[in-house]
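Accompanying notes for the structure given below.
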Amino acid sequence: MEKYIPDIYQKSIYTINYDALYNRGIRCLLIDLDNTIVPITMKKPNKKVKELFDDLKTKGFKIIIFSNSPKARVKPFKDELDVDCCASAFKPFKFKYNKVLDEYKLNVSTVACIGDQLLTDIKGGNNIGITTILVNSIGTKERLTTRINRYFERKILKKLRDNDLFTKGKYYE
């Protein structure tokens, strides 16, 4: 069950203490797109997202949109936010994580993965040994595969809560 427990749990990408992450040695952020950065229905980033990403880049973070969505979905965000991306990431499998680590010459201790799903974002990041940050989903509409994952996620969340390992809504750094 520990593979589903995030290192950090925050309400949204806007409530994460990025200064604390930087002080811990984190220099690269792998950020999920759908229902983490924007709802799945949005086609491009809004002003608030652009301001956050500009601020993070100014702080010295390398940002990579790390999404299971196809390139056609991710590219407008990559272009408008002027960041790198890894589309069709096949989270939680390790292949694309390792590819990104190798391509950018990153050490796992300097990378954090931010996302809204235990079964993809958190499990994938924990499988590879990077810092994992869970945020609440910001959208209500989801793809079929995500809805199926959410069914299993609810069962996992219940087990984690029952064993006093993790409780949804109890945020921590």
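The way I read the labels, and the way they are meant: chains A, B, ... in the order of the structure tokens, residue 1 as the first residue of every chain, and ligand 1 as the first ligand shown, with later ones counted on from there.
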Contacts of Gln117 in chain A at 10 Å (only C-alpha atoms; same-chain gap of 4+ positions) as a compact mmCIF listing (two decimals) with C-alpha atoms, in the first residue's frame:
```txt
# COMPACT_ATOMS: atom_id res chain seq x y z
CA TYR A 4 0.17 4.79 -3.18
CA ASP A 32 0.49 16.06 -14.88
CA ASN A 35 -7.22 17.80 -13.84
CA THR A 36 -3.90 18.80 -12.25
CA ASP A 121 1.02 9.86 -10.80
CA ILE A 122 1.80 8.76 -7.25
CA LYS A 123 2.40 5.06 -7.90
CA GLY A 124 4.55 5.90 -10.93
CA ILE A 133 2.99 15.24 -4.62
CA LEU A 134 -0.72 14.54 -4.77
CA VAL A 135 -3.16 17.37 -5.44
CA ASN A 136 -6.93 17.24 -5.63
CA SER A 137 -8.47 16.86 -9.06
CA THR A 146 -9.52 7.67 -15.37
CA ASN A 149 -8.89 4.16 -12.05
CA ARG A 150 -10.97 6.29 -9.67
CA GLU A 153 -8.50 4.51 -6.11
```
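Residues surrounding Tyr9 in chain A within 10 Å are Ile5, Thr15, Ile16, Ile114, Gly115, Asp116, Thr132, Ile133, Leu134, Val135, Asn136, Phe166, Thr167, Lys168, Gly169, Lys170, Tyr171, Tyr172 and Glu173 of chain A [only C-alpha atoms; sequence separation below 4 positions excluded].
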>> Set the distance at 12 Å and use only C-alpha atoms: which residues neighbour Glu51 in chain A once local chain neighbours fewer than 6 positions away are removed? I'd like the list as a list in words.
In response: Tyr14, Pro45, Lys57, Thr58, Glu80, Leu81 and Asp82 of chain A
> Which of these, A:Thr145, A:Asn163, A:Ser88, A:Ser109, has the shortest distance to Thr131 in chain A once you count only C-alpha atoms?
Replying inline: A:Ser109
>> Let's see if you can do this: from backbone DSSP, list all strand (DSSP E or B) residues in range 102-167 of chain A, as a PyMOL selection string.
In response: chain A and resi 111-115+131-135
Keeping C-alpha atoms, export the residues of the selection given above as a PDB file, in the first residue's frame.
```
ATOM      1  CA  VAL A 111      12.816  15.445  -9.240  1.00  0.00           C
ATOM      2  CA  ALA A 112       9.233  15.706  -7.997  1.00  0.00           C
ATOM      3  CA  CYS A 113       6.109  14.392  -9.716  1.00  0.00           C
ATOM      4  CA  ILE A 114       2.862  16.334  -9.212  1.00  0.00           C
ATOM      5  CA  GLY A 115      -0.518  14.866 -10.100  1.00  0.00           C
ATOM      6  CA  THR A 131       9.297  12.818  -4.592  1.00  0.00           C
ATOM      7  CA  THR A 132       5.547  12.488  -5.151  1.00  0.00           C
ATOM      8  CA  ILE A 133       2.995  15.243  -4.623  1.00  0.00           C
ATOM      9  CA  LEU A 134      -0.725  14.544  -4.765  1.00  0.00           C
ATOM     10  CA  VAL A 135      -3.161  17.372  -5.441  1.00  0.00           C
TER      11      VAL A 135
END
```
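Using only C-alpha atoms, the contacts of Phe53 in chain A at a cut-off of 10 Å, with sequence neighbours closer than 3 positions omitted, comprise Lys47, Lys48, Val49, Lys50, Leu56, Lys57, Thr58, Lys59, Phe61, Lys62, Ile63, Leu81, Asp82 and Val83 of chain A.
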>> I need the residues of range 92-169 of chain A that end up classed as helix (DSSP H, G or I) by DSSP on the backbone, written out as number ranges by chain.
In response: A: 95-103, 108-110, 118-128, 144-162
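Relative to CA of Tyr97 in chain A, CA of Ile130 in chain A is found at 9.6 Å.
Comparing the minimum interatomic distances between Asp19 in chain A and each of A:Gly60, A:Lys158, A:Asp7, A:Lys75, counting only C-alpha atoms, we find that A:Gly60 sits nearest.
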>> What does the structure give for the distance between CA of Phe152 in chain A and CA of Ile8 in chain A, in Å to one decimal?
In response: 20.9 Å
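Here CA of Met1 in chain A and CA of Leu157 in chain A stand 9.6 Å from one another.
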